[in-house]
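target37.pdb (PDB, N, CA and C atoms)
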ATOM      1  N   MET A   1      -2.711  31.028 177.571
ATOM      2  CA  MET A   1      -2.742  30.017 176.532
ATOM      3  C   MET A   1      -1.358  29.933 175.885
ATOM      4  N   THR A   2      -0.861  28.713 175.713
ATOM      5  CA  THR A   2       0.469  28.550 175.144
ATOM      6  C   THR A   2       0.476  28.901 173.656
ATOM      7  N   LYS A   3       1.662  29.158 173.156
ATOM      8  CA  LYS A   3       1.807  29.501 171.742
ATOM      9  C   LYS A   3       1.331  28.339 170.852
ATOM     10  N   VAL A   4       1.626  27.104 171.270
ATOM     11  CA  VAL A   4       1.183  25.935 170.504
ATOM     12  C   VAL A   4      -0.336  25.884 170.461
ATOM     13  N   ARG A   5      -0.956  26.033 171.622
ATOM     14  CA  ARG A   5      -2.420  25.967 171.692
ATOM     15  C   ARG A   5      -3.050  27.084 170.852
ATOM     16  N   MET A   6      -2.499  28.296 170.936
ATOM     17  CA  MET A   6      -3.055  29.415 170.156
ATOM     18  C   MET A   6      -2.938  29.158 168.658
ATOM     19  N   ALA A   7      -1.759  28.719 168.212
ATOM     20  CA  ALA A   7      -1.541  28.502 166.785
ATOM     21  C   ALA A   7      -2.436  27.392 166.252
ATOM     22  N   LEU A   8      -2.520  26.292 166.979
ATOM     23  CA  LEU A   8      -3.302  25.164 166.480
ATOM     24  C   LEU A   8      -4.799  25.372 166.646
ATOM     25  N   THR A   9      -5.205  26.187 167.618
ATOM     26  CA  THR A   9      -6.620  26.530 167.734
ATOM     27  C   THR A   9      -7.055  27.333 166.513
ATOM     28  N   THR A  10      -6.170  28.177 166.012
ATOM     29  CA  THR A  10      -6.455  28.932 164.794
ATOM     30  C   THR A  10      -6.709  27.977 163.623
ATOM     31  N   VAL A  11      -5.891  26.941 163.525
ATOM     32  CA  VAL A  11      -6.071  25.958 162.455
ATOM     33  C   VAL A  11      -7.378  25.192 162.650
ATOM     34  N   LEU A  12      -7.669  24.804 163.893
ATOM     35  CA  LEU A  12      -8.915  24.081 164.168
ATOM     36  C   LEU A  12     -10.132  24.923 163.794
ATOM     37  N   MET A  13     -10.070  26.218 164.069
ATOM     38  CA  MET A  13     -11.177  27.101 163.700
ATOM     39  C   MET A  13     -11.308  27.201 162.177
ATOM     40  N   ALA A  14     -10.181  27.280 161.486
ATOM     41  CA  ALA A  14     -10.208  27.330 160.020
ATOM     42  C   ALA A  14     -10.785  26.033 159.451
ATOM     43  N   MET A  15     -10.465  24.913 160.094
ATOM     44  CA  MET A  15     -10.995  23.627 159.640
ATOM     45  C   MET A  15     -12.498  23.525 159.888
ATOM     46  N   SER A  16     -12.974  24.158 160.953
ATOM     47  CA  SER A  16     -14.418  24.162 161.215
ATOM     48  C   SER A  16     -15.154  24.940 160.131
ATOM     49  N   ALA A  17     -14.565  26.045 159.713
ATOM     50  CA  ALA A  17     -15.185  26.874 158.678
ATOM     51  C   ALA A  17     -15.041  26.247 157.294
ATOM     52  N   ASN A  18     -13.935  25.536 157.079
ATOM     53  CA  ASN A  18     -13.652  24.935 155.773
ATOM     54  C   ASN A  18     -13.066  23.541 156.001
ATOM     55  N   PRO A  19     -13.894  22.498 155.966
ATOM     56  CA  PRO A  19     -13.414  21.140 156.247
ATOM     57  C   PRO A  19     -12.259  20.675 155.361
ATOM     58  N   SER A  20     -12.081  21.256 154.194
ATOM     59  CA  SER A  20     -10.970  20.857 153.324
ATOM     60  C   SER A  20      -9.746  21.755 153.519
ATOM     61  N   PHE A  21      -9.684  22.482 154.617
ATOM     62  CA  PHE A  21      -8.589  23.427 154.877
ATOM     63  C   PHE A  21      -7.217  22.783 154.726
ATOM     64  N   LEU A  22      -7.014  21.598 155.334
ATOM     65  CA  LEU A  22      -5.691  20.965 155.265
ATOM     66  C   LEU A  22      -5.294  20.621 153.833
ATOM     67  N   SER A  23      -6.266  20.324 153.006
ATOM     68  CA  SER A  23      -5.970  19.990 151.609
ATOM     69  C   SER A  23      -5.596  21.218 150.795
ATOM     70  N   THR A  24      -6.050  22.385 151.235
ATOM     71  CA  THR A  24      -5.832  23.601 150.448
ATOM     72  C   THR A  24      -4.756  24.522 151.006
ATOM     73  N   CYS A  25      -4.326  24.319 152.249
ATOM     74  CA  CYS A  25      -3.312  25.232 152.794
ATOM     75  C   CYS A  25      -1.959  24.933 152.147
ATOM     76  N   PRO A  26      -1.177  25.973 151.859
ATOM     77  CA  PRO A  26       0.088  25.786 151.141
ATOM     78  C   PRO A  26       1.141  25.034 151.950
ATOM     79  N   ASN A  27       1.131  25.175 153.270
ATOM     80  CA  ASN A  27       2.096  24.488 154.132
ATOM     81  C   ASN A  27       1.340  23.716 155.203
ATOM     82  N   SER A  28       1.705  22.467 155.386
ATOM     83  CA  SER A  28       1.054  21.660 156.411
ATOM     84  C   SER A  28       1.403  22.177 157.793
ATOM     85  N   PRO A  29       0.426  22.261 158.702
ATOM     86  CA  PRO A  29       0.713  22.677 160.075
ATOM     87  C   PRO A  29       1.674  21.681 160.738
ATOM     88  N   PHE A  30       2.642  22.208 161.495
ATOM     89  CA  PHE A  30       3.582  21.328 162.186
ATOM     90  C   PHE A  30       4.015  21.942 163.511
ATOM     91  N   VAL A  31       4.560  21.088 164.366
ATOM     92  CA  VAL A  31       5.142  21.503 165.642
ATOM     93  C   VAL A  31       6.487  20.801 165.761
ATOM     94  N   LEU A  32       7.514  21.533 166.193
ATOM     95  CA  LEU A  32       8.832  20.964 166.465
ATOM     96  C   LEU A  32       9.216  21.319 167.891
ATOM     97  N   LEU A  33       9.502  20.288 168.686
ATOM     98  CA  LEU A  33       9.885  20.461 170.086
ATOM     99  C   LEU A  33      11.249  19.826 170.313
ATOM    100  N   GLU A  34      11.989  20.355 171.288
ATOM    101  CA  GLU A  34      13.274  19.773 171.674
ATOM    102  C   GLU A  34      13.389  19.745 173.183
ATOM    103  N   LYS A  35      14.188  18.798 173.661
ATOM    104  CA  LYS A  35      14.427  18.663 175.094
ATOM    105  C   LYS A  35      15.897  18.340 175.309
ATOM    106  N   SER A  36      16.532  19.060 176.228
ATOM    107  CA  SER A  36      17.923  18.783 176.563
ATOM    108  C   SER A  36      17.997  17.533 177.426
ATOM    109  N   THR A  37      19.023  16.736 177.168
ATOM    110  CA  THR A  37      19.282  15.551 177.988
ATOM    111  C   THR A  37      20.782  15.481 178.237
ATOM    112  N   PRO A  38      21.216  14.675 179.191
ATOM    113  CA  PRO A  38      22.660  14.531 179.419
ATOM    114  C   PRO A  38      23.405  13.978 178.205
ATOM    115  N   HIS A  39      22.678  13.350 177.280
ATOM    116  CA  HIS A  39      23.307  12.742 176.112
ATOM    117  C   HIS A  39      23.168  13.597 174.859
ATOM    118  N   GLY A  40      22.805  14.863 174.990
ATOM    119  CA  GLY A  40      22.782  15.757 173.843
ATOM    120  C   GLY A  40      21.423  16.242 173.401
ATOM    121  N   GLY A  41      20.369  15.680 173.900
ATOM    122  CA  GLY A  41      19.050  16.195 173.589
ATOM    123  C   GLY A  41      18.263  15.318 172.641
ATOM    124  N   LYS A  42      16.966  15.606 172.572
ATOM    125  CA  LYS A  42      16.085  14.874 171.673
ATOM    126  C   LYS A  42      15.034  15.804 171.100
ATOM    127  N   PHE A  43      14.395  15.340 170.040
ATOM    128  CA  PHE A  43      13.397  16.154 169.355
ATOM    129  C   PHE A  43      12.103  15.360 169.196
ATOM    130  N   TRP A  44      11.028  16.094 168.937
ATOM    131  CA  TRP A  44       9.732  15.514 168.593
ATOM    132  C   TRP A  44       9.090  16.453 167.584
ATOM    133  N   LYS A  45       8.672  15.906 166.464
ATOM    134  CA  LYS A  45       8.065  16.718 165.410
ATOM    135  C   LYS A  45       6.781  16.036 164.942
ATOM    136  N   ALA A  46       5.770  16.833 164.686
ATOM    137  CA  ALA A  46       4.513  16.314 164.141
ATOM    138  C   ALA A  46       4.051  17.228 163.019
ATOM    139  N   VAL A  47       3.512  16.607 161.970
ATOM    140  CA  VAL A  47       2.987  17.336 160.816
ATOM    141  C   VAL A  47       1.590  16.800 160.515
ATOM    142  N   ALA A  48       0.615  17.704 160.475
ATOM    143  CA  ALA A  48      -0.767  17.319 160.189
ATOM    144  C   ALA A  48      -1.000  17.319 158.683
ATOM    145  N   HIS A  49      -1.557  16.226 158.192
ATOM    146  CA  HIS A  49      -1.899  16.075 156.782
ATOM    147  C   HIS A  49      -3.381  15.739 156.680
ATOM    148  N   PRO A  50      -3.975  15.927 155.510
ATOM    149  CA  PRO A  50      -5.392  15.610 155.363
ATOM    150  C   PRO A  50      -5.737  14.150 155.694
ATOM    151  N   ASN A  51      -4.757  13.240 155.528
ATOM    152  CA  ASN A  51      -5.026  11.827 155.775
ATOM    153  C   ASN A  51      -4.525  11.318 157.123
ATOM    154  N   GLY A  52      -3.954  12.190 157.959
ATOM    155  CA  GLY A  52      -3.489  11.760 159.273
ATOM    156  C   GLY A  52      -2.377  12.626 159.823
ATOM    157  N   LEU A  53      -1.702  12.085 160.826
ATOM    158  CA  LEU A  53      -0.638  12.811 161.521
ATOM    159  C   LEU A  53       0.673  12.053 161.392
ATOM    160  N   ALA A  54       1.701  12.719 160.865
ATOM    161  CA  ALA A  54       3.041  12.137 160.757
ATOM    162  C   ALA A  54       3.872  12.646 161.925
ATOM    163  N   MET A  55       4.492  11.721 162.655
ATOM    164  CA  MET A  55       5.328  12.095 163.799
ATOM    165  C   MET A  55       6.724  11.540 163.605
ATOM    166  N   GLN A  56       7.686  12.273 164.122
ATOM    167  CA  GLN A  56       9.083  11.862 164.062
ATOM    168  C   GLN A  56       9.725  12.255 165.378
ATOM    169  N   TRP A  57      10.574  11.384 165.930
ATOM    170  CA  TRP A  57      11.221  11.679 167.198
ATOM    171  C   TRP A  57      12.544  10.941 167.275
ATOM    172  N   GLY A  58      13.426  11.447 168.147
ATOM    173  CA  GLY A  58      14.718  10.791 168.336
ATOM    174  C   GLY A  58      15.734  11.741 168.922
ATOM    175  N   ARG A  59      16.983  11.320 168.870
ATOM    176  CA  ARG A  59      18.074  12.169 169.346
ATOM    177  C   ARG A  59      18.321  13.283 168.339
ATOM    178  N   LEU A  60      18.751  14.425 168.860
ATOM    179  CA  LEU A  60      19.086  15.546 167.978
ATOM    180  C   LEU A  60      20.159  15.130 166.977
ATOM    181  N   ASN A  61      20.125  15.700 165.809
ATOM    182  CA  ASN A  61      21.086  15.457 164.729
ATOM    183  C   ASN A  61      21.043  14.027 164.198
ATOM    184  N   THR A  62      19.903  13.361 164.374
ATOM    185  CA  THR A  62      19.688  12.050 163.763
ATOM    186  C   THR A  62      18.355  12.104 163.015
ATOM    187  N   ALA A  63      18.128  11.104 162.189
ATOM    188  CA  ALA A  63      16.844  11.021 161.489
ATOM    189  C   ALA A  63      15.742  10.593 162.452
ATOM    190  N   GLY A  64      16.105   9.918 163.520
ATOM    191  CA  GLY A  64      15.117   9.451 164.476
ATOM    192  C   GLY A  64      14.243   8.357 163.883
ATOM    193  N   GLN A  65      13.098   8.180 164.481
ATOM    194  CA  GLN A  65      12.133   7.211 163.969
ATOM    195  C   GLN A  65      10.812   7.914 163.753
ATOM    196  N   GLY A  66       9.928   7.274 163.037
ATOM    197  CA  GLY A  66       8.673   7.924 162.719
ATOM    198  C   GLY A  66       7.491   6.984 162.777
ATOM    199  N   ARG A  67       6.333   7.601 162.749
ATOM    200  CA  ARG A  67       5.076   6.868 162.779
ATOM    201  C   ARG A  67       4.007   7.760 162.158
ATOM    202  N   VAL A  68       3.074   7.156 161.473
ATOM    203  CA  VAL A  68       1.957   7.896 160.902
ATOM    204  C   VAL A  68       0.666   7.343 161.488
ATOM    205  N   LEU A  69      -0.153   8.236 162.023
ATOM    206  CA  LEU A  69      -1.469   7.858 162.524
ATOM    207  C   LEU A  69      -2.493   8.214 161.463
ATOM    208  N   ASP A  70      -3.308   7.259 161.062
ATOM    209  CA  ASP A  70      -4.354   7.610 160.111
ATOM    210  C   ASP A  70      -5.488   8.318 160.850
ATOM    211  N   LEU A  71      -6.388   8.908 160.099
ATOM    212  CA  LEU A  71      -7.461   9.721 160.688
ATOM    213  C   LEU A  71      -8.265   8.973 161.742
ATOM    214  N   SER A  72      -8.508   7.695 161.528
ATOM    215  CA  SER A  72      -9.329   6.934 162.473
ATOM    216  C   SER A  72      -8.672   6.807 163.841
ATOM    217  N   ARG A  73      -7.359   6.992 163.918
ATOM    218  CA  ARG A  73      -6.642   6.893 165.193
ATOM    219  C   ARG A  73      -6.345   8.256 165.813
ATOM    220  N   CYS A  74      -6.730   9.327 165.123
ATOM    221  CA  CYS A  74      -6.525  10.687 165.644
ATOM    222  C   CYS A  74      -7.704  11.091 166.525
ATOM    223  N   ALA A  75      -7.432  11.911 167.525
ATOM    224  CA  ALA A  75      -8.486  12.414 168.417
ATOM    225  C   ALA A  75      -9.574  13.081 167.596
ATOM    226  N   GLN A  76     -10.795  12.647 167.783
ATOM    227  CA  GLN A  76     -11.953  13.198 167.078
ATOM    228  C   GLN A  76     -11.794  13.120 165.561
ATOM    229  N   GLY A  77     -10.967  12.188 165.075
ATOM    230  CA  GLY A  77     -10.740  12.061 163.642
ATOM    231  C   GLY A  77     -10.064  13.276 163.036
ATOM    232  N   ASN A  78      -9.326  14.031 163.869
ATOM    233  CA  ASN A  78      -8.739  15.298 163.450
ATOM    234  C   ASN A  78      -7.233  15.297 163.739
ATOM    235  N   PRO A  79      -6.386  15.321 162.705
ATOM    236  CA  PRO A  79      -4.939  15.278 162.938
ATOM    237  C   PRO A  79      -4.393  16.509 163.660
ATOM    238  N   VAL A  80      -5.023  17.653 163.486
ATOM    239  CA  VAL A  80      -4.557  18.858 164.179
ATOM    240  C   VAL A  80      -4.867  18.757 165.673
ATOM    241  N   GLN A  81      -6.040  18.261 166.022
ATOM    242  CA  GLN A  81      -6.386  18.060 167.434
ATOM    243  C   GLN A  81      -5.433  17.050 168.069
ATOM    244  N   GLU A  82      -5.145  15.970 167.360
ATOM    245  CA  GLU A  82      -4.212  14.953 167.863
ATOM    246  C   GLU A  82      -2.827  15.560 168.065
ATOM    247  N   MET A  83      -2.375  16.365 167.107
ATOM    248  CA  MET A  83      -1.066  17.007 167.212
ATOM    249  C   MET A  83      -1.016  17.942 168.416
ATOM    250  N   MET A  84      -2.074  18.725 168.618
ATOM    251  CA  MET A  84      -2.094  19.637 169.755
ATOM    252  C   MET A  84      -2.064  18.852 171.065
ATOM    253  N   ASN A  85      -2.870  17.803 171.179
ATOM    254  CA  ASN A  85      -2.883  16.998 172.404
ATOM    255  C   ASN A  85      -1.505  16.422 172.713
ATOM    256  N   ARG A  86      -0.868  15.855 171.702
ATOM    257  CA  ARG A  86       0.446  15.237 171.908
ATOM    258  C   ARG A  86       1.531  16.275 172.185
ATOM    259  N   ALA A  87       1.493  17.409 171.480
ATOM    260  CA  ALA A  87       2.493  18.461 171.700
ATOM    261  C   ALA A  87       2.385  19.028 173.110
ATOM    262  N   LEU A  88       1.174  19.267 173.576
ATOM    263  CA  LEU A  88       1.002  19.788 174.937
ATOM    264  C   LEU A  88       1.469  18.774 175.974
ATOM    265  N   ALA A  89       1.251  17.489 175.721
ATOM    266  CA  ALA A  89       1.743  16.452 176.638
ATOM    267  C   ALA A  89       3.270  16.459 176.664
ATOM    268  N   LYS A  90       3.904  16.607 175.506
ATOM    269  CA  LYS A  90       5.371  16.660 175.445
ATOM    270  C   LYS A  90       5.903  17.899 176.164
ATOM    271  N   ILE A  91       5.225  19.028 176.012
ATOM    272  CA  ILE A  91       5.641  20.247 176.710
ATOM    273  C   ILE A  91       5.559  20.023 178.223
ATOM    274  N   ASN A  92       4.535  19.325 178.672
ATOM    275  CA  ASN A  92       4.419  18.998 180.100
ATOM    276  C   ASN A  92       5.531  18.064 180.569
ATOM    277  N   GLU A  93       6.135  17.312 179.644
ATOM    278  CA  GLU A  93       7.258  16.423 179.968
ATOM    279  C   GLU A  93       8.598  17.158 179.945
ATOM    280  N   GLY A  94       8.585  18.449 179.618
ATOM    281  CA  GLY A  94       9.816  19.222 179.642
ATOM    282  C   GLY A  94      10.362  19.632 178.280
ATOM    283  N   TYR A  95       9.692  19.273 177.214
ATOM    284  CA  TYR A  95      10.118  19.709 175.890
ATOM    285  C   TYR A  95       9.840  21.198 175.735
ATOM    286  N   GLY A  96      10.675  21.847 174.945
ATOM    287  CA  GLY A  96      10.500  23.261 174.656
ATOM    288  C   GLY A  96      10.140  23.448 173.193
ATOM    289  N   LEU A  97       9.386  24.485 172.918
ATOM    290  CA  LEU A  97       8.960  24.794 171.565
ATOM    291  C   LEU A  97      10.108  25.374 170.755
ATOM    292  N   CYS A  98      10.370  24.788 169.598
ATOM    293  CA  CYS A  98      11.345  25.338 168.655
ATOM    294  C   CYS A  98      10.640  26.066 167.532
ATOM    295  N   SER A  99       9.547  25.443 167.061
ATOM    296  CA  SER A  99       8.850  26.020 165.922
ATOM    297  C   SER A  99       7.435  25.480 165.855
ATOM    298  N   VAL A 100       6.509  26.358 165.442
ATOM    299  CA  VAL A 100       5.136  25.939 165.186
ATOM    300  C   VAL A 100       4.666  26.696 163.959
ATOM    301  N   MET A 101       4.036  25.977 163.037
ATOM    302  CA  MET A 101       3.520  26.594 161.824
ATOM    303  C   MET A 101       2.032  26.265 161.736
ATOM    304  N   PRO A 102       1.213  27.266 161.979
ATOM    305  CA  PRO A 102      -0.233  26.994 161.875
ATOM    306  C   PRO A 102      -0.673  26.913 160.428
TER
END
The structure in this file should be written as structure tokens.
Amino acid sequence: MTKVRMALTTVLMAMSANPSFLSTCPNSPFVLLEKSTPHGGKFWKAVAHPNGLAMQWGRLNTAGQGRVLDLSRCAQGNPVQEMMNRALAKINEGYGLCSVMP
């Protein structure tokens, strides 16, 4: 099991036990990935919030662009599940894990 999957599964289990977990945790769960490219590399970051998933991506050392998915557009209405699905897909595309905060 990958480090991302293990960390976010822990959060999913906490959310099952306490549906308001995201509202009460001191730090929002996030994943930061990077990928080397001939032009200097790129990043992908996602942060799970009680109201949805905030994503940011772009070239390294730039602000990049962002998008927020509301709960209705997240897998199973769960921003952590959506974040895990997208992060694992990015890892399969060659991105490497920089940081994960469950």
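Atom pair atom CA of Lys35 of chain A / atom CA of Val47 of chain A: separated by 18.3 Å.
If you measure from each of A:Pro19, A:Gly41, A:Leu53, A:Met6 to Met83 of chain A using only N, CA and C atoms, the closest one turns out to be A:Leu53.
You will find atom CA of Ser23 of chain A at 13.0 Å from atom CA of Asn78 of chain A.
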For segment 87-101 of chain A, work out the shell of residues within 6.5 Å, counting only N, CA and C atoms and skipping chain neighbours fewer than 4 positions away, then give it as an NGL selection string. :A and (7 or 28-36 or 82-83)
Output the selection as a compact mmCIF listing (two decimals), in the coordinates of the input - N, CA and C atoms for each residue.
# COMPACT_ATOMS: atom_id res chain seq x y z
N ALA A 7 -1.76 28.72 168.21
CA ALA A 7 -1.54 28.50 166.78
C ALA A 7 -2.44 27.39 166.25
N SER A 28 1.70 22.47 155.39
CA SER A 28 1.05 21.66 156.41
C SER A 28 1.40 22.18 157.79
N PRO A 29 0.43 22.26 158.70
CA PRO A 29 0.71 22.68 160.07
C PRO A 29 1.67 21.68 160.74
N PHE A 30 2.64 22.21 161.50
CA PHE A 30 3.58 21.33 162.19
C PHE A 30 4.01 21.94 163.51
N VAL A 31 4.56 21.09 164.37
CA VAL A 31 5.14 21.50 165.64
C VAL A 31 6.49 20.80 165.76
N LEU A 32 7.51 21.53 166.19
CA LEU A 32 8.83 20.96 166.46
C LEU A 32 9.22 21.32 167.89
N LEU A 33 9.50 20.29 168.69
CA LEU A 33 9.88 20.46 170.09
C LEU A 33 11.25 19.83 170.31
N GLU A 34 11.99 20.36 171.29
CA GLU A 34 13.27 19.77 171.67
C GLU A 34 13.39 19.74 173.18
N LYS A 35 14.19 18.80 173.66
CA LYS A 35 14.43 18.66 175.09
C LYS A 35 15.90 18.34 175.31
N SER A 36 16.53 19.06 176.23
CA SER A 36 17.92 18.78 176.56
C SER A 36 18.00 17.53 177.43
N GLU A 82 -5.14 15.97 167.36
CA GLU A 82 -4.21 14.95 167.86
C GLU A 82 -2.83 15.56 168.06
N MET A 83 -2.38 16.36 167.11
CA MET A 83 -1.07 17.01 167.21
C MET A 83 -1.02 17.94 168.42
Give as a ChimeraX atom specification each residue that has an atom at most 10 Å from (3.3, 5.4, 156.9) in the file, counting only C-alpha atoms. /A:52-55,66-70
Separation of atom CA of Ala75 of chain A and atom N of Ala63 of chain A, in Å? 27.4 Å
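Of the residues in segment 50-86 of chain A, those given strand (DSSP E or B) by DSSP on the backbone are A:Gly52, A:Leu53, A:Ala54, A:Met55, A:Gln56, A:Trp57, A:Gly58, A:Arg59, A:Gln65, A:Gly66, A:Arg67, A:Val68, A:Leu69, A:Asp70.
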Output as lines of an AutoDock Vina configuration file the centre and edge lengths (Å, one decimal) of the box along x, y and z of the file that holds every listed atom of segment 55-70 of chain A after adding 3 Å on each side.
center_x = 7.8
center_y = 11.3
center_z = 164.7
size_x = 32.6
size_y = 14.8
size_z = 15.2
Based on DSSP run over this structure's backbone, return all residues of chain A in alpha helix (DSSP H), as an NGL selection string. :A and (3-17 or 21-24 or 79-92)
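Using all atoms listed in the file, the shortest contact distance between Asn27 of chain A and any of A:Ala48, A:Leu71, A:Val80, A:Met15 is found at A:Ala48.
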Evaluate the PyMOL selection byres (((chain A and resi 62 and name CA) around 12) and name CA) on the structure here and hand back the selected residues as an MDAnalysis selection string. chainID A and resid 40:44 56:61 63:66
Residue with smallest distance to Asn85 of chain A - pool A:Cys25, A:Thr9, A:His39, A:His49, counting only C-alpha atoms: A:Thr9
